[in-house]
Amino acid sequence: MNDRLPAISLAAVPGRRLATLELAKEIERRGFAGIYGPSLGDSLSLCLAIAMATERIPLGTSITPIYFRSAADMAQTAAFIHEIARGRFRLGLGVSHEPALQRLGIRAGKPLADMRAYVRDFKAAQRVGELPKLTLAALRKKMIALAGEIGDGIVFANGARSHMQDSLRALPPERLQEPGFFVGNMIPTIISDDLAAARARHRKTLSGYVILPNYRNYWKEAGYVEEMEAIERALQARELARIPELLTDRWLEDVTLFGPAKRVRDELERWYAAGISTPILVPSSAAGNQLDAFQELFAAFR
């Protein structure tokens, strides 16, 4: 087994916040590459708590939506966490998704222009202290290129492994060669001997993503036109129950990890080879709950 360990995605939900901090300590003790919070819940508060509960492990947000608070306010919070973490914190910024923003009554502008302006104002914030490095969440090539121009890294969510090297060509080659430039991807992961159950769980989880237009456009770009157009027809016909069955095995193999521990470890090496220097595993369990998923992950990488 390769000595490299991936990073792990961690979110705190009501009633399990203290247990989540204990998980963070265990993740650090086991030597994983980092802990990164998704947009689920208050990931900035979680990062602050993890910074105080741990000593060495890198931590950060994978994706924090830019429309939820001003750039100056974000800079104050990010600098605070970065200082408390003694330089271990990395801030991931993203533009979220139009349907999610509409539900919150938020009107977004042009994603590229909005991100460029937000990062400019974030870096210009006064009297906040040292700012952390910035990772930009991206799927399509224009946002990837912007990350190379104004950011310190890039993070995908549910990226397609077969398309990753093509995507990364949008970055200046010298950025990829920089030791501190972050290239991550959040990968849904299930450790299980029951492949059918693992596939079914992934299909259920990822059905929430394929209904989003920007994800479908990305996966079309990655070569999954037939699958995404079938999903669009199902959405148009309001046949939402059919969506999981339209997520093909070929697609699942390309965007997720699942199976027995050895298979997952072997497939993870293919992600490194595709250019992802920091895979961020998002654990689920085929048969148990979320805490079971972490124990299964720990056993697979002990």
# chains A, B, ... in the order shown; residues from 1 in each chain; ligands from 1

call {"tool": "residues_around", "arguments": {"residues": "Ala274 in chain A", "least_positions_apart": "6", "cutoff": "12 Å", "atoms": "only C-alpha atoms", "output": "list in words"}}
result
Gly159, Ala160, Arg161, Ser162, His163, Met164, Gln165, Asp166, Ser167, Leu168, Arg169, Val183, Gly184, Asn185, Asp254, Glu267 and Leu268 of chain A

call {"tool": "select_by_dssp", "arguments": {"residues": "range 78-237 of chain A", "states": "strand (DSSP E)", "output": "ChimeraX atom specification"}}
result
/A:89-94,133-137,153-157,182-191

call {"tool": "residues_around", "arguments": {"residues": "Ala293 in chain A", "least_positions_apart": "6", "cutoff": "6 Å", "atoms": "only C-alpha atoms", "output": "list in words"}}
result
Pro283, Ser284 and Ser285 of chain A

call {"tool": "select_by_dssp", "arguments": {"residues": "range 55-162 of chain A", "states": "helix (DSSP H, G or I)", "output": "ChimeraX atom specification"}}
result
/A:66-68,71-84,98-103,111-123,141-150,161-162

call {"tool": "closest_residue", "arguments": {"among": "A:Arg120, A:Arg175, A:Arg265, A:Arg127", "to": "Thr189 in chain A", "atoms": "only C-alpha atoms"}}
result
A:Arg265

call {"tool": "closest_atom_pairs", "arguments": {"of": "range 70-131 of chain A", "to": "range 43-57 of chain A", "cutoff": "9 Å", "atoms": "only C-alpha atoms", "output": "tab-separated table"}}
result
residue	atom	partner	partner_atom	distance
A:Thr77	CA	A:Leu44	CA	7.9
A:Ala78	CA	A:Leu44	CA	7.9
A:Phe80	CA	A:Leu48	CA	8.4
A:Ile81	CA	A:Leu48	CA	5.4
A:His82	CA	A:Ala51	CA	8.5
A:Ile84	CA	A:Ala51	CA	6.5
A:Ala85	CA	A:Ala51	CA	4.7
A:Arg86	CA	A:Ala51	CA	8.3
A:Arg88	CA	A:Ile57	CA	7.2
A:Phe89	CA	A:Cys47	CA	7.9
A:Leu91	CA	A:Leu44	CA	8.9

call {"tool": "write_last_selection", "arguments": {"atoms": "C-alpha atoms", "output": "CSV table (one decimal), in the first residue's frame"}}
result
chain,number,residue,atom,x,y,z
A,77,THR,CA,-13.2,35.3,9.9
A,78,ALA,CA,-10.6,33.5,7.7
A,80,PHE,CA,-8.9,34.7,12.7
A,81,ILE,CA,-9.1,30.9,12.0
A,82,HIS,CA,-5.7,31.0,10.2
A,84,ILE,CA,-5.7,30.2,15.7
A,85,ALA,CA,-4.6,27.3,13.5
A,86,ARG,CA,-1.0,28.6,13.3
A,88,ARG,CA,-2.7,25.4,8.9
A,89,PHE,CA,-6.0,26.8,7.5
A,91,LEU,CA,-10.1,28.9,2.6

call {"tool": "decode", "arguments": {"residues": "range 36-64 of chain A", "atoms": "C-alpha atoms", "output": "JSON list (two decimals), in the first residue's frame"}}
result
[["chain", "number", "residue", "atom", "x", "y", "z"],
["A", 36, "TYR", "CA", -11.80, 19.86, 4.67],
["A", 37, "GLY", "CA", -15.36, 20.98, 5.30],
["A", 38, "PRO", "CA", -17.98, 21.06, 2.54],
["A", 39, "SER", "CA", -20.64, 23.76, 2.26],
["A", 40, "LEU", "CA", -22.97, 21.64, 4.41],
["A", 41, "GLY", "CA", -23.52, 23.37, 7.76],
["A", 42, "ASP", "CA", -21.23, 26.08, 9.15],
["A", 43, "SER", "CA", -17.86, 24.85, 7.90],
["A", 44, "LEU", "CA", -16.05, 27.97, 9.10],
["A", 45, "SER", "CA", -17.15, 27.39, 12.70],
["A", 46, "LEU", "CA", -16.15, 23.75, 12.33],
["A", 47, "CYS", "CA", -12.71, 24.76, 11.07],
["A", 48, "LEU", "CA", -12.22, 27.05, 14.05],
["A", 49, "ALA", "CA", -13.16, 24.25, 16.44],
["A", 50, "ILE", "CA", -10.89, 21.76, 14.65],
["A", 51, "ALA", "CA", -8.03, 24.28, 14.75],
["A", 52, "MET", "CA", -8.37, 24.41, 18.53],
["A", 53, "ALA", "CA", -8.81, 20.65, 18.92],
["A", 54, "THR", "CA", -5.86, 19.56, 16.76],
["A", 55, "GLU", "CA", -2.19, 20.47, 16.45],
["A", 56, "ARG", "CA", -0.68, 19.44, 13.12],
["A", 57, "ILE", "CA", -3.17, 18.45, 10.46],
["A", 58, "PRO", "CA", -3.95, 20.86, 7.58],
["A", 59, "LEU", "CA", -7.58, 21.99, 7.56],
["A", 60, "GLY", "CA", -9.89, 24.19, 5.62],
["A", 61, "THR", "CA", -13.13, 24.62, 3.78],
["A", 62, "SER", "CA", -13.54, 22.83, 0.49],
["A", 63, "ILE", "CA", -16.29, 25.13, -0.67],
["A", 64, "THR", "CA", -17.62, 28.20, 1.12]]
